[in-house]
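*Asks:* One structure, pasted below without further comment.
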Number of protein chains: 2
Amino acid sequence: MTRFALTVEFDGRPFMGWQRQAHGPSVQQAIEEAALAVTGEQVVVHCAGRTDAGVHGLGMRAHLDIAKPIGAFRLSEALNARLRPAPVAILDCIEVPEDFHARFSCLARSYEYRIVNRRSPLTFEKGLAWQIPQPLDAAAMHAGAQRLVGAHDFTTFRSAHCQAASPLKSIDWFEVVRDGERVIARVEARSFLHHQVRSMIGCLALVGMGRWSVDDLDDALRAADRERLGLNAPPDGLFFVRALYAGDRLKRDASSTCVDQRN
Amino acid sequence: MTRFALTVEFDGRPFMGWQRQAHGPSVQQAIEEAALAVTGEQVVVHCAGRTDAGVHGLGMRAHLDIAKPIGAFRLSEALNARLRPAPVAILDCIEVPEDFHARFSCLARSYEYRIVNRRSPLTFEKGLAWQIPQPLDAAAMHAGAQRLVGAHDFTTFRSAHCQAASPLKSIDWFEVVRDGERVIARVEARSFLHHQVRSMIGCLALVGMGRWSVDDLDDALRAADRERLGLNAPPDGLFFVRALYAGDRLKRDASSTCVDQRN
């Protein structure tokens, strides 16, 4: 049995989310069926972090175990061939030790949230961004995001369906930048609560619109009360960017959102 | 009668091209039908440069004449409302003098061509880029592009269906840059022959793959013979970026491909 770690890119629009569902297509099912076609084996694919319906992946990490002797490159090529025409691509495939686990070995996860701040409807990015017509103050959103950095009780920003044992999480990094008509948020933490990123983005959008002050955001956080959530952002703009593992050498730079600040 | 100039973004994937066709949807038809719904008038929309099936627009310019009294902002909003769900968006709408003509007043046109240089299949960019699996030397492609800059007989890079009176054209600017796995070409000229950009990109890709030298490209250009065309690039990666008119103040910078070098 050989364990392989995959880096997966997927367009979440046609999927019910990462996790296998009884009543609709999922990314997990697409990869497991491709693996079955390639190897004849019923495998289970584990990922770094499950995503909701309509959420996308730029660099999701996942692992699976294969009994059939096959090299990582051949496996990657064969999976990609079988995945067509689903919008799922294996970007990278490497052999890993059997104690590697995409979810439990993951040290940090980063997400990007894309807002297109314009009146005109979306064309290319329909389902790939949140269109907000009223002008957003990205600097105010960035200032608000800094209030969320650090260890907090994120109950306000947690889905009622969240199964985590504790609402305590620690945000390592959160930035909001404007690039022309686009407002991009990048956030990193060891892990997130269910809907936490979308809930934080929704409230930061209120700050950007001027409907909330940065102090209002702070108050909502400290209330630790889901009733204080201002707005939940749609899944469209959310991208799982990267999962970090021990041994990964990652740098945060202009084009990258994930960093190992522990080095 | 008031003349309005539109700036139009469109995803070319579902269209037979810009121009109205008897047997399939076109961008022109979509806008004309939206204008009919808004004003009750049968209008003709003229654009800066017709695009082929599957080619996209980031900032196409077009004009139309409306008799009904309506302001530019209201017209833009109403057209966008009627265009849904077609992936066509009016980004800007301004009143212009009656002697403005989107095609005949245009001083320069710029295109961008997007290549994704990787083995993995495309997900988000399916139909929006040309995937080339073998490694491309973008610096060699840029060097090749410089041989095409200036005034030349572009017969080699001209479709058999091209209706232009002369094969003589002058390329003002042509750059090829790499950005991670993406190779982006940007080119500007007063006007182009039919298929000229795709033909030039196809041959530059041969240079990038090492199958042609820069001198081979030069020879093909100077032969002025369509038989010498090495490769025609698919429409997927081609974007009409911008049309330039007298009075436009445009700067070429890192994020912009179009410039008025005449100022």
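So you can find residues: chains in the structure tokens are A, B, ... in the order shown, residues in each start at 1, and ligands are numbered from 1 in order.
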Name all residues at most 8 Å from stretch 2-11 of chain B (count only C-alpha atoms; drop same-chain ones fewer than 5 positions away) and give them as a PDB file with C-alpha atoms, in the first residue's frame.

*Replies:*
ATOM      1  CA  THR A 123     -19.406  37.600 -16.862  1.00  0.00           C
ATOM      2  CA  PHE A 124     -16.258  35.467 -16.590  1.00  0.00           C
TER       3      PHE A 124
ATOM      4  CA  VAL B  27     -22.739  39.346 -28.700  1.00  0.00           C
ATOM      5  CA  VAL B  55     -12.914  34.926 -28.479  1.00  0.00           C
ATOM      6  CA  HIS B  56     -13.552  37.104 -25.427  1.00  0.00           C
ATOM      7  CA  GLY B  57     -13.849  40.804 -24.684  1.00  0.00           C
ATOM      8  CA  LEU B  58     -12.520  42.669 -21.645  1.00  0.00           C
ATOM      9  CA  GLY B  59     -13.067  46.183 -22.947  1.00  0.00           C
ATOM     10  CA  MET B  60     -14.681  46.056 -26.385  1.00  0.00           C
ATOM     11  CA  ARG B  61     -15.960  49.475 -27.505  1.00  0.00           C
ATOM     12  CA  ALA B  62     -19.181  49.824 -29.427  1.00  0.00           C
ATOM     13  CA  HIS B  63     -21.717  52.497 -30.299  1.00  0.00           C
ATOM     14  CA  LEU B  64     -25.441  52.722 -30.925  1.00  0.00           C
ATOM     15  CA  ASP B  65     -28.011  55.470 -31.601  1.00  0.00           C
ATOM     16  CA  ILE B  66     -31.112  55.853 -29.441  1.00  0.00           C
ATOM     17  CA  ALA B  67     -34.067  58.149 -30.187  1.00  0.00           C
ATOM     18  CA  ALA B  72     -26.216  57.201 -20.243  1.00  0.00           C
ATOM     19  CA  PRO B  87     -22.339  36.701 -19.999  1.00  0.00           C
ATOM     20  CA  VAL B  88     -22.225  40.201 -21.463  1.00  0.00           C
ATOM     21  CA  ALA B  89     -21.821  43.293 -19.278  1.00  0.00           C
ATOM     22  CA  ILE B  90     -21.865  46.977 -20.123  1.00  0.00           C
ATOM     23  CA  LEU B  91     -18.944  48.340 -18.077  1.00  0.00           C
ATOM     24  CA  ASP B  92     -19.312  51.931 -19.208  1.00  0.00           C
ATOM     25  CA  CYS B  93     -21.729  54.015 -21.254  1.00  0.00           C
ATOM     26  CA  ILE B  94     -21.173  57.620 -22.314  1.00  0.00           C
ATOM     27  CA  GLU B  95     -22.828  60.043 -24.692  1.00  0.00           C
ATOM     28  CA  VAL B  96     -20.570  60.783 -27.678  1.00  0.00           C
ATOM     29  CA  PRO B  97     -20.727  63.185 -30.648  1.00  0.00           C
ATOM     30  CA  GLU B  98     -22.618  61.877 -33.673  1.00  0.00           C
ATOM     31  CA  ALA B 102     -16.562  52.660 -32.733  1.00  0.00           C
TER      32      ALA B 102
END

*Asks:* Could you work out how far atom CA of B:Leu168 lies from atom CA of B:Phe154, giving the answer in Å with one decimal?

*Replies:* 6.1 Å

*Asks:* Using only C-alpha atoms, pick whichever of A:His46, A:His142, A:Arg103, A:Lys126 has the shortest atom-to-atom distance to chain B.

*Replies:*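 Closest to chain B of all the choices is A:Lys126.
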
*Asks:* Which value, in Å to one decimal, gives the distance between atom CA of B:Ala160 and atom CA of B:Arg226?

*Replies:*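 Value for the atom CA of B:Ala160-atom CA of B:Arg226 distance: 8.0 Å.
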
*Asks:* Which residues are near stretch 227-229 of chain A? Cut-off 9 Å, only C-alpha atoms, ignore same chain within fewer than 4 positions. Put them as a count of residues only.

*Replies:* 11
